[in-house]
>>> print(open('structure-v5.txt').read())   # compact mmCIF, C-alpha atoms and all ligand atoms
# COMPACT_ATOMS: atom_id res chain seq x y z
CA MET A 1 -27.21 20.74 5.04
CA GLY A 2 -24.79 20.88 2.15
CA SER A 3 -23.32 24.27 2.95
CA ARG A 4 -20.97 23.08 5.62
CA GLU A 5 -17.94 21.59 3.96
CA GLU A 6 -16.71 18.67 5.95
CA LYS A 7 -13.56 17.40 4.40
CA VAL A 8 -13.34 13.67 4.94
CA ARG A 9 -9.80 12.83 5.79
CA PRO A 10 -8.36 9.40 5.07
CA ILE A 11 -7.96 7.21 8.11
CA VAL A 12 -4.48 6.19 9.16
CA PHE A 13 -3.71 3.58 11.80
CA SER A 14 -0.37 2.44 13.11
CA GLY A 15 0.97 0.74 16.18
CA ALA A 16 4.20 0.05 18.01
CA GLN A 17 4.99 -2.62 20.56
CA PRO A 18 5.96 -1.62 24.09
CA THR A 19 9.00 -3.83 24.14
CA GLY A 20 12.54 -2.52 24.49
CA GLN A 21 13.43 1.05 23.75
CA LEU A 22 12.79 2.72 20.41
CA THR A 23 15.68 3.46 18.10
CA LEU A 24 16.51 6.30 15.74
CA GLY A 25 15.32 3.90 13.04
CA ASN A 26 11.86 3.74 14.61
CA TYR A 27 11.74 7.53 14.69
CA LEU A 28 13.00 8.33 11.19
CA GLY A 29 11.28 5.32 9.64
CA ALA A 30 7.94 5.48 11.42
CA LEU A 31 7.16 8.00 14.16
CA SER A 32 8.31 11.07 12.24
CA HIS A 33 5.91 10.08 9.45
CA TRP A 34 3.06 9.54 11.90
CA VAL A 35 3.62 13.06 13.16
CA ALA A 36 3.44 14.42 9.62
CA MET A 37 0.39 12.34 8.69
CA GLN A 38 -1.73 13.51 11.62
CA GLU A 39 -1.98 16.90 9.89
CA ASP A 40 -4.11 15.65 7.01
CA HIS A 41 -5.41 12.30 8.22
CA ASP A 42 -7.88 11.02 10.73
CA ALA A 43 -5.12 9.34 12.70
CA LEU A 44 -5.08 6.59 15.30
CA PHE A 45 -1.83 5.57 17.00
CA CYS A 46 -1.79 2.61 19.29
CA VAL A 47 0.53 1.05 21.85
CA VAL A 48 -0.03 -2.60 20.94
CA ASP A 49 0.47 -4.23 24.30
CA LEU A 50 -1.47 -7.37 23.38
CA HIS A 51 1.01 -8.05 20.60
CA ALA A 52 3.86 -7.81 23.09
CA LEU A 53 2.45 -10.79 25.00
CA THR A 54 3.51 -13.19 22.27
CA ILE A 55 6.94 -13.04 23.90
CA ARG A 56 7.02 -13.57 27.69
CA GLN A 57 7.01 -10.20 29.50
CA GLU A 58 7.77 -9.20 33.06
CA PRO A 59 4.46 -7.68 34.34
CA GLU A 60 5.99 -4.64 36.06
CA VAL A 61 8.25 -3.93 33.14
CA LEU A 62 5.44 -4.27 30.62
CA ARG A 63 3.14 -1.95 32.57
CA GLU A 64 5.88 0.65 32.71
CA GLN A 65 6.81 0.34 29.05
CA VAL A 66 3.23 0.78 27.84
CA LEU A 67 3.07 4.15 29.58
CA SER A 68 6.53 5.26 28.62
CA LEU A 69 5.94 4.37 24.97
CA ALA A 70 2.77 6.47 25.02
CA ALA A 71 4.83 9.31 26.53
CA LEU A 72 7.36 8.88 23.77
CA PHE A 73 4.64 9.12 21.09
CA LEU A 74 3.66 12.48 22.54
CA ALA A 75 7.26 13.60 22.95
CA CYS A 76 7.88 12.90 19.27
CA GLY A 77 5.06 15.25 18.36
CA ILE A 78 1.94 13.12 18.19
CA ASP A 79 -0.68 15.59 19.31
CA PRO A 80 -3.65 14.12 21.20
CA GLU A 81 -5.77 17.03 19.95
CA LYS A 82 -5.20 15.85 16.39
CA SER A 83 -4.75 12.10 16.76
CA THR A 84 -6.34 9.34 18.78
CA VAL A 85 -3.60 7.91 21.00
CA PHE A 86 -4.50 4.78 22.92
CA VAL A 87 -3.50 1.44 24.35
CA GLN A 88 -4.69 -1.66 22.51
CA SER A 89 -5.82 -3.55 25.61
CA HIS A 90 -8.08 -0.64 26.57
CA VAL A 91 -10.29 -1.44 23.60
CA PRO A 92 -11.61 -5.00 23.96
CA ALA A 93 -12.86 -5.04 20.37
CA HIS A 94 -9.29 -5.66 19.14
CA ALA A 95 -9.15 -9.07 20.76
CA GLU A 96 -12.76 -9.80 19.87
CA LEU A 97 -12.42 -9.00 16.20
CA ALA A 98 -9.15 -10.94 16.10
CA TRP A 99 -11.07 -14.05 17.16
CA LEU A 100 -13.71 -13.52 14.50
CA LEU A 101 -11.09 -12.89 11.82
CA SER A 102 -9.10 -15.95 12.83
CA THR A 103 -12.00 -18.02 11.50
CA PHE A 104 -11.49 -16.34 8.12
CA THR A 105 -7.75 -16.95 8.06
CA GLN A 106 -6.19 -20.16 6.84
CA MET A 107 -3.44 -22.00 8.70
CA GLY A 108 -1.44 -22.07 5.49
CA GLU A 109 -1.52 -18.29 5.21
CA LEU A 110 -0.13 -17.88 8.71
CA GLU A 111 2.47 -20.58 8.18
CA ARG A 112 3.89 -18.55 5.31
CA MET A 113 4.57 -15.48 7.46
CA THR A 114 8.32 -14.94 7.53
CA GLN A 115 8.22 -13.09 10.84
CA PHE A 116 6.53 -16.07 12.49
CA LYS A 117 9.15 -18.40 11.09
CA ASP A 118 11.96 -16.15 12.37
CA LYS A 119 10.45 -15.64 15.81
CA ALA A 120 9.60 -19.32 16.19
CA LEU A 121 13.29 -20.06 15.66
CA ARG A 122 14.44 -17.36 18.06
CA HIS A 123 12.00 -18.33 20.83
CA ARG A 124 11.96 -22.07 20.44
CA GLN A 125 10.92 -22.65 24.05
CA ASN A 126 7.74 -20.59 23.62
CA VAL A 127 6.19 -20.99 20.18
CA ASN A 128 2.72 -20.12 21.47
CA ALA A 129 -0.47 -19.94 19.42
CA GLY A 130 -0.50 -16.15 19.85
CA LEU A 131 2.82 -15.88 18.05
CA PHE A 132 1.19 -17.76 15.21
CA THR A 133 -2.00 -15.69 15.10
CA TYR A 134 -0.21 -12.37 15.68
CA PRO A 135 -0.98 -11.15 12.13
CA VAL A 136 -4.71 -11.74 12.70
CA LEU A 137 -4.65 -9.42 15.70
CA MET A 138 -2.82 -6.88 13.59
CA ALA A 139 -5.48 -7.24 10.88
CA ALA A 140 -8.14 -6.59 13.54
CA ASP A 141 -6.30 -3.44 14.70
CA ILE A 142 -6.37 -2.09 11.19
CA LEU A 143 -9.79 -3.24 9.99
CA LEU A 144 -11.68 -2.11 13.09
CA TYR A 145 -11.34 1.54 12.15
CA GLY A 146 -11.97 1.44 8.39
CA THR A 147 -8.30 2.31 7.94
CA HIS A 148 -7.24 3.53 4.50
CA ARG A 149 -3.50 3.81 5.06
CA VAL A 150 -1.07 1.95 7.26
CA PRO A 151 2.45 3.28 7.55
CA VAL A 152 4.57 0.18 7.89
CA GLY A 153 8.14 -0.84 7.43
CA GLU A 154 9.32 -3.48 5.02
CA ASP A 155 9.10 -6.18 7.70
CA GLN A 156 5.36 -5.63 8.21
CA LYS A 157 4.26 -5.57 4.59
CA GLN A 158 3.45 -9.26 4.51
CA HIS A 159 1.19 -8.84 7.54
CA LEU A 160 -0.61 -5.97 5.88
CA GLU A 161 -1.08 -8.05 2.76
CA LEU A 162 -2.75 -10.70 4.92
CA ALA A 163 -5.06 -8.07 6.45
CA ARG A 164 -6.10 -7.08 2.93
CA ASP A 165 -6.74 -10.69 1.93
CA VAL A 166 -8.84 -11.39 5.00
CA ALA A 167 -10.84 -8.18 4.52
CA LEU A 168 -11.52 -9.01 0.87
CA ARG A 169 -12.55 -12.54 1.77
CA PHE A 170 -14.97 -11.28 4.39
CA ASN A 171 -16.39 -8.64 2.05
CA ASN A 172 -16.89 -11.24 -0.68
CA LEU A 173 -18.83 -13.45 1.69
CA TYR A 174 -20.93 -10.84 3.48
CA GLY A 175 -20.90 -7.71 1.36
CA PRO A 176 -18.80 -4.57 1.76
CA THR A 177 -17.86 -4.31 5.42
CA PHE A 178 -14.15 -3.58 5.72
CA GLU A 179 -12.14 -0.91 4.00
CA ILE A 180 -9.20 -2.47 2.16
CA PRO A 181 -6.11 -0.88 3.72
CA GLU A 182 -3.14 0.28 1.67
CA PRO A 183 0.44 0.21 2.89
CA PHE A 184 1.86 3.69 3.21
CA ILE A 185 5.50 3.80 2.33
CA SER A 186 6.84 7.27 2.85
CA LYS A 187 8.75 9.02 0.12
CA GLY A 188 12.43 9.14 0.91
CA GLY A 189 11.67 7.13 4.01
CA ALA A 190 14.99 6.48 5.59
CA ARG A 191 15.76 2.84 6.03
CA VAL A 192 18.08 3.30 8.92
CA LYS A 193 20.71 0.61 9.08
CA ASP A 194 22.79 -0.85 11.89
CA LEU A 195 25.84 1.36 12.51
CA GLN A 196 28.12 -1.63 12.98
CA GLU A 197 26.70 -3.92 10.29
CA PRO A 198 25.21 -1.48 7.81
CA THR A 199 23.69 -4.15 5.59
CA LYS A 200 21.20 -4.92 8.38
CA LYS A 201 18.26 -2.86 9.59
CA MET A 202 18.92 -0.93 12.82
CA SER A 203 17.10 -3.02 15.42
CA LYS A 204 16.28 -2.86 19.10
CA THR A 205 17.87 -6.22 19.57
CA ALA A 206 21.27 -5.91 17.90
CA GLU A 207 24.01 -7.29 20.09
CA SER A 208 26.31 -4.28 20.16
CA GLU A 209 25.23 -1.07 21.90
CA LEU A 210 27.17 0.80 19.24
CA ALA A 211 24.94 -0.63 16.52
CA ARG A 212 21.92 1.50 17.31
CA VAL A 213 21.06 4.98 18.45
CA MET A 214 18.26 4.95 20.97
CA LEU A 215 15.65 7.68 20.94
CA LEU A 216 16.63 8.65 24.47
CA ASP A 217 20.41 8.50 24.07
CA ASP A 218 22.19 11.64 25.22
CA ALA A 219 24.29 13.79 22.92
CA GLN A 220 27.54 12.26 24.07
CA ALA A 221 26.38 8.71 23.39
CA ILE A 222 25.03 9.67 19.98
CA MET A 223 28.29 11.33 18.96
CA LYS A 224 30.28 8.33 20.13
CA LYS A 225 28.13 5.87 18.19
CA PHE A 226 28.38 7.83 14.95
CA LYS A 227 32.12 8.33 15.35
CA LYS A 228 32.49 4.57 15.68
CA ALA A 229 30.13 3.78 12.81
CA VAL A 230 31.53 1.25 10.38
CA THR A 231 32.32 2.67 6.94
CA ASP A 232 34.92 1.38 4.47
CA SER A 233 38.40 2.16 3.20
CA LEU A 234 37.45 3.68 -0.15
CA ALA A 235 37.79 7.25 1.17
CA HIS A 236 35.12 8.43 -1.20
CA ILE A 237 31.60 9.61 -0.44
CA ALA A 238 28.94 8.08 -2.68
CA ASP A 239 25.41 6.74 -2.58
CA ASP A 240 26.24 3.10 -3.21
CA GLU A 241 24.14 0.83 -1.05
CA SER A 242 25.84 -2.41 -2.06
CA GLY A 243 29.42 -1.15 -2.37
CA GLN A 244 29.48 1.35 0.53
CA PRO A 245 26.56 0.52 2.81
CA GLY A 246 28.02 2.33 5.84
CA VAL A 247 28.57 5.61 4.01
CA THR A 248 25.18 5.37 2.30
CA ASN A 249 23.51 4.81 5.66
CA LEU A 250 25.13 7.94 7.11
CA LEU A 251 24.09 10.00 4.08
CA ASN A 252 20.55 8.68 4.44
CA ILE A 253 20.38 9.47 8.12
CA TRP A 254 21.79 12.97 7.62
CA GLY A 255 19.25 13.58 4.86
CA ALA A 256 16.32 12.29 6.89
CA ALA A 257 17.40 14.24 9.98
CA THR A 258 17.82 17.52 8.08
CA GLY A 259 14.98 17.07 5.61
CA ARG A 260 17.36 16.97 2.67
CA SER A 261 17.41 14.62 -0.34
CA MET A 262 20.21 12.19 -1.22
CA GLU A 263 21.32 14.55 -4.01
CA GLU A 264 21.62 17.37 -1.52
CA ALA A 265 23.48 15.12 0.90
CA LEU A 266 25.97 14.15 -1.80
CA ALA A 267 26.45 17.75 -2.85
CA HIS A 268 26.99 18.75 0.77
CA PHE A 269 29.57 16.08 1.60
CA SER A 270 31.16 15.20 -1.73
CA HIS A 271 34.56 16.70 -1.00
CA ASN A 272 34.67 15.78 2.63
CA GLN A 273 36.17 13.00 4.63
CA TYR A 274 34.28 10.35 6.53
CA GLY A 275 35.06 12.06 9.83
CA LYS A 276 33.05 15.12 8.89
CA LEU A 277 30.17 13.02 7.55
CA LYS A 278 30.02 11.17 10.86
CA VAL A 279 30.19 14.27 13.04
CA GLU A 280 27.63 16.23 11.04
CA THR A 281 25.28 13.29 10.97
CA ALA A 282 25.60 12.95 14.73
CA GLU A 283 24.92 16.68 15.15
CA ALA A 284 21.82 16.51 12.96
CA VAL A 285 20.51 13.56 14.95
CA ILE A 286 21.27 15.24 18.28
CA ALA A 287 19.33 18.32 17.14
CA ILE A 288 16.26 16.12 16.66
CA LEU A 289 16.59 13.79 19.63
CA GLU A 290 17.53 16.30 22.33
CA PRO A 291 14.17 18.09 22.41
CA ILE A 292 12.35 14.75 22.19
CA GLY A 293 14.27 13.52 25.21
CA ARG A 294 13.48 16.68 27.12
CA ARG A 295 9.74 16.48 26.40
CA TYR A 296 9.75 12.79 27.18
CA ARG A 297 11.25 13.33 30.63
CA GLU A 298 8.64 16.00 31.38
CA LEU A 299 5.71 13.90 30.17
CA ASN A 300 6.92 10.79 31.83
CA THR A 301 6.94 12.45 35.22
CA ASP A 302 3.37 13.68 34.77
CA ARG A 303 1.58 10.38 34.72
CA SER A 304 -1.79 11.94 35.50
CA TYR A 305 -1.72 13.93 32.25
CA LEU A 306 -0.61 10.84 30.36
CA TRP A 307 -3.48 8.82 31.80
CA GLU A 308 -5.91 11.58 30.87
CA VAL A 309 -4.72 11.41 27.27
CA LEU A 310 -4.90 7.62 27.16
CA GLN A 311 -8.34 7.49 28.72
CA ALA A 312 -9.73 10.02 26.26
CA GLY A 313 -8.06 8.14 23.40
CA ALA A 314 -9.48 4.82 24.53
CA ALA A 315 -12.98 6.28 24.82
CA LYS A 316 -12.83 7.62 21.27
CA ALA A 317 -11.36 4.41 19.89
CA ARG A 318 -13.89 2.23 21.74
CA GLU A 319 -16.81 4.12 20.31
CA ARG A 320 -15.53 3.74 16.76
CA ALA A 321 -14.56 0.12 17.25
CA GLU A 322 -17.97 -0.77 18.67
CA GLY A 323 -19.61 0.56 15.53
CA MET A 324 -17.58 -1.85 13.44
CA MET A 325 -18.17 -4.76 15.83
CA VAL A 326 -21.93 -4.27 15.52
CA ARG A 327 -21.73 -4.45 11.74
CA VAL A 328 -19.45 -7.46 11.70
CA MET A 329 -21.39 -9.44 14.32
CA ASP A 330 -24.65 -8.66 12.60
CA ARG A 331 -23.36 -9.83 9.23
CA ILE A 332 -21.96 -13.05 10.60
CA GLY A 333 -25.19 -13.84 12.42
CA LEU A 334 -24.21 -13.29 16.04
CA PRO A 335 -27.30 -11.97 17.84
CA LEU A 336 -26.70 -8.40 18.98
CA GLU A 337 -27.18 -7.71 22.62
CA ARG A 338 -28.88 -4.30 22.85
CA GLN A 339 -27.48 -3.21 26.16
CA ARG A 340 -23.94 -3.31 24.95
CA PHE A 341 -24.37 -1.78 21.56
CA ARG A 342 -26.72 1.02 22.44
CA GLY A 343 -25.76 4.42 21.16
N1 LIG B 401 3.31 -5.61 14.11
C1 LIG B 401 3.73 -4.23 14.14
C2 LIG B 401 5.23 -4.17 14.44
O1 LIG B 401 5.75 -5.00 15.13
C3 LIG B 401 2.99 -3.47 15.19
C4 LIG B 401 1.53 -3.39 14.86
C5 LIG B 401 0.52 -4.04 15.50
C6 LIG B 401 0.95 -2.60 13.85
N2 LIG B 401 -0.67 -3.71 14.95
C7 LIG B 401 -0.45 -2.85 13.94
C8 LIG B 401 1.46 -1.75 12.87
C9 LIG B 401 -1.34 -2.26 13.04
C10 LIG B 401 0.57 -1.14 11.99
C11 LIG B 401 -0.81 -1.41 12.07
O2 LIG B 401 5.86 -3.24 14.01
>>> encode(input="structure-v5.txt", output="structure tokens", more="lines below")
Ligand code: TRP
Amino acid sequence: MGSREEKVRPIVFSGAQPTGQLTLGNYLGALSHWVAMQEDHDALFCVVDLHALTIRQEPEVLREQVLSLAALFLACGIDPEKSTVFVQSHVPAHAELAWLLSTFTQMGELERMTQFKDKALRHRQNVNAGLFTYPVLMAADILLYGTHRVPVGEDQKQHLELARDVALRFNNLYGPTFEIPEPFISKGGARVKDLQEPTKKMSKTAESELARVMLLDDAQAIMKKFKKAVTDSLAHIADDESGQPGVTNLLNIWGAATGRSMEEALAHFSHNQYGKLKVETAEAVIAILEPIGRRYRELNTDRSYLWEVLQAGAAKARERAEGMMVRVMDRIGLPLERQRFRG
């Protein structure tokens, strides 16, 4: 049998919540890397709708956003022939494994999660148990598939660390079961900052519209936002995150959007004024986002194709997830019911 060379590709898993619209930061910081990784990984990309429920959602809006986020994945270049694209709630094993893992997670560990502390403050009227156990569901997402690498931003690293701890704990008790996932931090990964307050991360929720570029903004809006980006009065282009965060952010964005390094960005702009830096950065971003917007509008009007992709993705994911559930349930001592786990 040995003649056929099957290269085993590392497994990558990542997810995004179907809440609000994605920003340029989500694209340059996450989605663009997913697209690159699908070439040499066994990749799974998930719309994590169950996670979104930790904040109250309008049912019609949520339903719509799950589908449009999946369309956006595809528009950005995630190829369903190469990657498994699916919706979390289509694979019941996510919620099931999350329950099992919650019995291997300590209250104290969850209490330390900074995102929980932040969100509990921001949503004081709804500090539900799901908000608290959110990282356990995320651990289940990752561990279900034997994931090796998880592309995550800075804000999710603590959650990934918890997933590793829980996996190790389980493995120590029951023998090797889960792969221990590694964070995948991309080289030169742009940390896209808020255009109005460039010391902060560009977020979906910033107050000012001018603070963020949305993935589906049109060219005019993008140009306007970059032209109004906050810089400084030093009139000097340098990579100085603490002294000139606005200028550094623009250089970073230009570099990420054109595939150039910071050195190249500095060489390109060194003798220019801020105006040119802003306009060229806007142009580079428009060149990326325009085709994404076009593909998105096409995909989003063909819901039957989208559903086909999501159904095929869910079927693939379910099969893999069931394999892991069988192993985990067996190890813990839950009696396996043959009907369900046949095949
Ligand atoms: N919590 C992640 C976020 O808000 C989304 C997420 C859920 C995720 N499950 C995941 C990311 C598993 C990576 C892997 O960004």
>>> atom_distance(input="structure-v5.txt", atom1="atom CA of Gly255 of chain A", atom2="atom CA of Arg295 of chain A")
23.7 Å
>>> axis_aligned_box(input="structure-v5.txt", around="segment 190-209 of chain A", padding_each_side="3 Å", output="JSON")
{"center_x": 21.6, "center_y": -0.4, "center_z": 13.7, "size_x": 19.1, "size_y": 19.8, "size_z": 22.3}
>>> atom_distance(input="structure-v5.txt", atom1="atom CA of Gln38 of chain A", atom2="atom CA of Val12 of chain A")
8.2 Å
>>> closest_atom_pairs(input="structure-v5.txt", of="chain A", to="ligand LIG 401 (chain B)", cutoff="10 Å", atoms="only C-alpha atoms and all ligand atoms", output="CSV")
residue,atom,partner,partner_atom,distance
A:Val12,CA,B:LIG401,C11,8.9
A:Phe13,CA,B:LIG401,C11,5.8
A:Ser14,CA,B:LIG401,C10,3.9
A:Gly15,CA,B:LIG401,C6,4.1
A:Ala16,CA,B:LIG401,C3,4.7
A:Gln17,CA,B:LIG401,C3,5.8
A:Pro18,CA,B:LIG401,C3,9.6
A:Thr19,CA,B:LIG401,O1,9.6
A:Asn26,CA,B:LIG401,O2,9.2
A:Ala30,CA,B:LIG401,O2,9.3
A:Leu44,CA,B:LIG401,C11,9.6
A:Phe45,CA,B:LIG401,C11,8.6
A:Cys46,CA,B:LIG401,N2,7.7
A:Val47,CA,B:LIG401,C5,8.1
A:Val48,CA,B:LIG401,C5,5.7
A:Asp49,CA,B:LIG401,C5,8.8
A:Leu50,CA,B:LIG401,C5,8.8
A:His51,CA,B:LIG401,C5,6.5
A:Ala52,CA,B:LIG401,O1,8.7
A:Gln88,CA,B:LIG401,N2,8.8
A:His94,CA,B:LIG401,N2,9.8
A:Gln115,CA,B:LIG401,O1,9.5
A:Tyr134,CA,B:LIG401,N1,7.8
A:Pro135,CA,B:LIG401,N1,7.3
A:Val136,CA,B:LIG401,N2,9.3
A:Leu137,CA,B:LIG401,N2,7.0
A:Met138,CA,B:LIG401,N2,4.1
A:Ala139,CA,B:LIG401,C9,6.8
A:Ala140,CA,B:LIG401,C9,8.1
A:Asp141,CA,B:LIG401,C9,5.4
A:Ile142,CA,B:LIG401,C9,5.4
A:Leu143,CA,B:LIG401,C9,9.0
A:Thr147,CA,B:LIG401,C11,9.3
A:Arg149,CA,B:LIG401,C11,9.1
A:Val150,CA,B:LIG401,C11,5.9
A:Pro151,CA,B:LIG401,C10,6.5
A:Val152,CA,B:LIG401,C10,5.9
A:Gly153,CA,B:LIG401,O2,7.4
A:Glu154,CA,B:LIG401,O2,9.6
A:Asp155,CA,B:LIG401,O2,7.7
A:Gln156,CA,B:LIG401,N1,6.2
A:Lys157,CA,B:LIG401,C10,9.4
A:His159,CA,B:LIG401,N1,7.6
A:Leu160,CA,B:LIG401,C11,7.7
A:Ala163,CA,B:LIG401,C9,9.5
A:Pro181,CA,B:LIG401,C11,9.9
A:Pro183,CA,B:LIG401,C10,9.2
>>> residues_around(input="structure-v5.txt", residues="Ala167 of chain A", least_positions_apart="6", cutoff="12 Å", atoms="all atoms listed in the file", output="PyMOL selection string")
chain A and resi 97+100-102+104-105+136+139-140+142-144+146-147+160-161+173-182+328
>>> write_last_selection(input="structure-v5.txt", atoms="C-alpha atoms", output="mmCIF file, in the coordinates of the input")
data_model
loop_
_atom_site.group_PDB
_atom_site.id
_atom_site.type_symbol
_atom_site.label_atom_id
_atom_site.label_comp_id
_atom_site.auth_asym_id
_atom_site.auth_seq_id
_atom_site.Cartn_x
_atom_site.Cartn_y
_atom_site.Cartn_z
ATOM 1 C CA LEU A 97 -12.420 -9.000 16.200
ATOM 2 C CA LEU A 100 -13.710 -13.520 14.500
ATOM 3 C CA LEU A 101 -11.090 -12.890 11.820
ATOM 4 C CA SER A 102 -9.100 -15.950 12.830
ATOM 5 C CA PHE A 104 -11.490 -16.340 8.120
ATOM 6 C CA THR A 105 -7.750 -16.950 8.060
ATOM 7 C CA VAL A 136 -4.710 -11.740 12.700
ATOM 8 C CA ALA A 139 -5.480 -7.240 10.880
ATOM 9 C CA ALA A 140 -8.140 -6.590 13.540
ATOM 10 C CA ILE A 142 -6.370 -2.090 11.190
ATOM 11 C CA LEU A 143 -9.790 -3.240 9.990
ATOM 12 C CA LEU A 144 -11.680 -2.110 13.090
ATOM 13 C CA GLY A 146 -11.970 1.440 8.390
ATOM 14 C CA THR A 147 -8.300 2.310 7.940
ATOM 15 C CA LEU A 160 -0.610 -5.970 5.880
ATOM 16 C CA GLU A 161 -1.080 -8.050 2.760
ATOM 17 C CA LEU A 173 -18.830 -13.450 1.690
ATOM 18 C CA TYR A 174 -20.930 -10.840 3.480
ATOM 19 C CA GLY A 175 -20.900 -7.710 1.360
ATOM 20 C CA PRO A 176 -18.800 -4.570 1.760
ATOM 21 C CA THR A 177 -17.860 -4.310 5.420
ATOM 22 C CA PHE A 178 -14.150 -3.580 5.720
ATOM 23 C CA GLU A 179 -12.140 -0.910 4.000
ATOM 24 C CA ILE A 180 -9.200 -2.470 2.160
ATOM 25 C CA PRO A 181 -6.110 -0.880 3.720
ATOM 26 C CA GLU A 182 -3.140 0.280 1.670
ATOM 27 C CA VAL A 328 -19.450 -7.460 11.700
#
>>> atom_distance(input="structure-v5.txt", atom1="atom CA of Glu280 of chain A", atom2="atom CA of Trp254 of chain A")
7.5 Å
>>> residues_near_point(input="structure-v5.txt", point="(19.1, 4.7, 11.1)", cutoff="9 Å", atoms="all atoms listed in the file", output="PyMOL selection string")
chain A and resi 23-29+190-195+201-202+212-213+249-250+252-253
>>> closest_residue(input="structure-v5.txt", among="A:Gly108, A:Cys76, A:Ile55, A:His271", to="Ala120 of chain A", atoms="only C-alpha atoms")
A:Ile55
>>> closest_residue(input="structure-v5.txt", among="A:Leu334, A:Met113, A:Leu67, A:Val230", to="Gln158 of chain A", atoms="all atoms listed in the file")
A:Met113
>>> residues_around(input="structure-v5.txt", residues="Ala43 of chain A", least_positions_apart="3", cutoff="9 Å", atoms="only C-alpha atoms", output="number ranges by chain")
A: 10-14, 34, 37-40, 82-85
>>> write_last_selection(input="structure-v5.txt", atoms="C-alpha atoms", output="PDB file, keeping the file's coordinate frame")
ATOM      1  CA  PRO A  10      -8.360   9.400   5.070  1.00  0.00           C
ATOM      2  CA  ILE A  11      -7.960   7.210   8.110  1.00  0.00           C
ATOM      3  CA  VAL A  12      -4.480   6.190   9.160  1.00  0.00           C
ATOM      4  CA  PHE A  13      -3.710   3.580  11.800  1.00  0.00           C
ATOM      5  CA  SER A  14      -0.370   2.440  13.110  1.00  0.00           C
ATOM      6  CA  TRP A  34       3.060   9.540  11.900  1.00  0.00           C
ATOM      7  CA  MET A  37       0.390  12.340   8.690  1.00  0.00           C
ATOM      8  CA  GLN A  38      -1.730  13.510  11.620  1.00  0.00           C
ATOM      9  CA  GLU A  39      -1.980  16.900   9.890  1.00  0.00           C
ATOM     10  CA  ASP A  40      -4.110  15.650   7.010  1.00  0.00           C
ATOM     11  CA  LYS A  82      -5.200  15.850  16.390  1.00  0.00           C
ATOM     12  CA  SER A  83      -4.750  12.100  16.760  1.00  0.00           C
ATOM     13  CA  THR A  84      -6.340   9.340  18.780  1.00  0.00           C
ATOM     14  CA  VAL A  85      -3.600   7.910  21.000  1.00  0.00           C
TER      15      VAL A  85
END
